[in-house]
Each structure stands twice: as structure tokens, then as C-alpha cells.
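Data from protein_9.pdb: PDB, C-alpha atoms
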ATOM      1  CA  MET A   1      13.483  44.114 -98.992
ATOM      2  CA  THR A   2      13.817  41.342-101.545
ATOM      3  CA  LYS A   3      11.735  38.204-101.795
ATOM      4  CA  PRO A   4      13.370  34.891-100.947
ATOM      5  CA  GLY A   5      15.173  33.395-103.897
ATOM      6  CA  LYS A   6      15.592  36.726-105.681
ATOM      7  CA  LYS A   7      18.826  38.668-105.749
ATOM      8  CA  ARG A   8      19.104  42.417-105.968
ATOM      9  CA  ALA A   9      20.613  43.769-109.149
ATOM     10  CA  ARG A  10      23.773  45.758-108.593
ATOM     11  CA  ALA A  11      23.974  49.200-110.050
ATOM     12  CA  ALA A  12      26.846  49.587-112.465
ATOM     13  CA  SER A  13      29.457  52.054-111.334
ATOM     14  CA  GLY A  14      32.863  53.212-112.385
ATOM     15  CA  ALA A  15      34.394  51.859-109.175
ATOM     16  CA  PRO A  16      36.554  48.754-109.380
ATOM     17  CA  ALA A  17      34.982  45.496-108.254
ATOM     18  CA  GLY A  18      35.158  45.105-104.491
ATOM     19  CA  ALA A  19      35.676  48.837-103.835
ATOM     20  CA  ARG A  20      33.677  50.241-100.937
ATOM     21  CA  HIS A  21      31.425  53.210-101.571
ATOM     22  CA  GLU A  22      32.491  56.331 -99.723
ATOM     23  CA  GLU A  23      30.359  59.429 -99.525
ATOM     24  CA  PRO A  24      32.060  62.763-100.206
ATOM     25  CA  GLY A  25      33.518  64.229 -97.040
ATOM     26  CA  GLU A  26      33.698  60.883 -95.233
ATOM     27  CA  GLY A  27      36.959  59.276 -94.239
ATOM     28  CA  GLY A  28      38.071  55.961 -95.604
ATOM     29  CA  VAL A  29      37.813  52.502 -94.101
ATOM     30  CA  ASP A  30      40.963  52.915 -92.003
ATOM     31  CA  GLU A  31      39.676  56.134 -90.494
ATOM     32  CA  ALA A  32      36.331  54.512 -89.677
ATOM     33  CA  VAL A  33      37.988  51.523 -88.003
ATOM     34  CA  ALA A  34      40.314  53.803 -86.006
ATOM     35  CA  PHE A  35      37.307  55.823 -84.812
ATOM     36  CA  ILE A  36      35.427  52.652 -83.849
ATOM     37  CA  ALA A  37      38.449  51.336 -81.933
ATOM     38  CA  GLU A  38      38.751  54.615 -80.029
ATOM     39  CA  GLN A  39      35.062  54.763 -79.123
ATOM     40  CA  VAL A  40      34.908  51.097 -78.160
ATOM     41  CA  GLY A  41      37.882  51.646 -75.845
ATOM     42  CA  ALA A  42      35.974  54.369 -74.018
ATOM     43  CA  LEU A  43      32.822  52.238 -73.822
ATOM     44  CA  ARG A  44      34.849  49.310 -72.495
ATOM     45  CA  LYS A  45      36.197  51.466 -69.651
ATOM     46  CA  LEU A  46      32.647  52.553 -68.840
ATOM     47  CA  ALA A  47      31.442  48.936 -68.777
ATOM     48  CA  GLU A  48      34.337  47.976 -66.496
ATOM     49  CA  ARG A  49      33.636  50.860 -64.114
ATOM     50  CA  HIS A  50      30.024  49.699 -63.744
ATOM     51  CA  LYS A  51      30.986  46.026 -63.449
ATOM     52  CA  LEU A  52      29.212  45.030 -66.654
ATOM     53  CA  ASP A  53      31.422  42.016 -67.195
ATOM     54  CA  VAL A  54      29.863  40.584 -70.365
ATOM     55  CA  LEU A  55      29.770  43.980 -72.075
ATOM     56  CA  HIS A  56      33.339  44.643 -70.957
ATOM     57  CA  TYR A  57      34.423  41.345 -72.515
ATOM     58  CA  LEU A  58      32.500  41.840 -75.774
ATOM     59  CA  LEU A  59      33.747  45.392 -76.204
ATOM     60  CA  GLY A  60      37.277  44.138 -75.565
ATOM     61  CA  MET A  61      36.863  41.596 -78.362
ATOM     62  CA  THR A  62      35.541  44.340 -80.648
ATOM     63  CA  LYS A  63      38.566  46.513 -79.838
ATOM     64  CA  LEU A  64      40.925  43.628 -80.601
ATOM     65  CA  GLU A  65      39.186  43.035 -83.934
ATOM     66  CA  ALA A  66      39.421  46.707 -84.908
ATOM     67  CA  ASP A  67      43.087  46.890 -83.887
ATOM     68  CA  GLU A  68      43.848  43.727 -85.855
ATOM     69  CA  HIS A  69      42.097  45.146 -88.918
ATOM     70  CA  LEU A  70      44.221  48.295 -88.720
ATOM     71  CA  ARG A  71      47.409  46.288 -88.185
ATOM     72  CA  LEU A  72      46.748  44.082 -91.216
ATOM     73  CA  ARG A  73      45.804  47.056 -93.415
ATOM     74  CA  SER A  74      48.980  48.944 -92.508
ATOM     75  CA  LYS A  75      51.058  45.806 -93.080
ATOM     76  CA  ARG A  76      49.552  45.410 -96.592
ATOM     77  CA  LYS A  77      50.256  49.054 -97.406
ATOM     78  CA  LEU A  78      53.938  48.631 -96.489
ATOM     79  CA  SER A  79      54.461  45.729 -98.910
TER
END

What does the file become when written as C-alpha cells?
Amino acid sequence: MTKPGKKRARAASGAPAGARHEEPGEGGVDEAVAFIAEQVGALRKLAERHKLDVLHYLLGMTKLEADEHLRLRSKRKLS
């Protein structure tokens, strides 16, 4: 944890600026978002079945956000 007013120094790496760190054997960002969308869909159904309305709504919003992220990423890759 850093003290207020102090910033952490970034370690220099060979990765381009803005690149996300990925551990060996892990999928990329798109794979992670697709997995999250799939799991959230299942959790949303569970919340609906048990009449957990607020959770159902919030998980629905999360699913929409993940789907939108995937849609925008695939659109960028096509251009």
C-alpha cells in the first residue's frame, strides 16, 4: 500500500505502453471477457429463479457490459 500523495514507480518492461500483462498459459482479454459473460449469464438465471431482483438486474447490466466490450473489440479487429 502506498502513502497518500506518493505514486508507485512502474517497473520497466519490454511491453508497449498500455499493454496488459498476461501470465503464461492464460488467455487474452477477449477470452477473459467471454468467460465472464458466460458465467454472469448463469448467475443471472440463478438470481432470477430465486427472485433476487436486484442481483438479477445488476448481473444483467454486467452481462451487457461484457457483451458490448466483446462487440467493440471484434469491430476494431475487423477494421

### Message
Excluding range 53-57 of chain A and its own-chain neighbours fewer than 5 positions away, which residues fall within 12 Å of it when counting all atoms listed in the file? Please give them as number ranges by chain.
### Response
A: 40-48, 62-64

What are the centre and the three edge lengths of an axis-aligned box that wraps all atoms of range 33-48 of chain A in the file, given that 3 Å is added to every side, written as JSON and rounded to one decimal in Å?
{"center_x": 35.9, "center_y": 51.9, "center_z": -77.2, "size_x": 14.9, "size_y": 13.8, "size_z": 27.5}

### Message
Applying the PyMOL selection byres ((chain A and resi 67) around 12) to the file I just gave you, which residues come out? Please list them as a list in words.
### Response
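Expected selection for the PyMOL selection byres ((chain A and resi 67) around 12) here is Asp30, Glu31, Ala32, Val33, Ala34, Phe35, Ile36, Ala37, Glu38, Val40, Gly41, Gly60, Met61, Thr62, Lys63, Leu64, Glu65, Ala66, Glu68, His69, Leu70, Arg71, Leu72, Arg73 and Ser74 of chain A.
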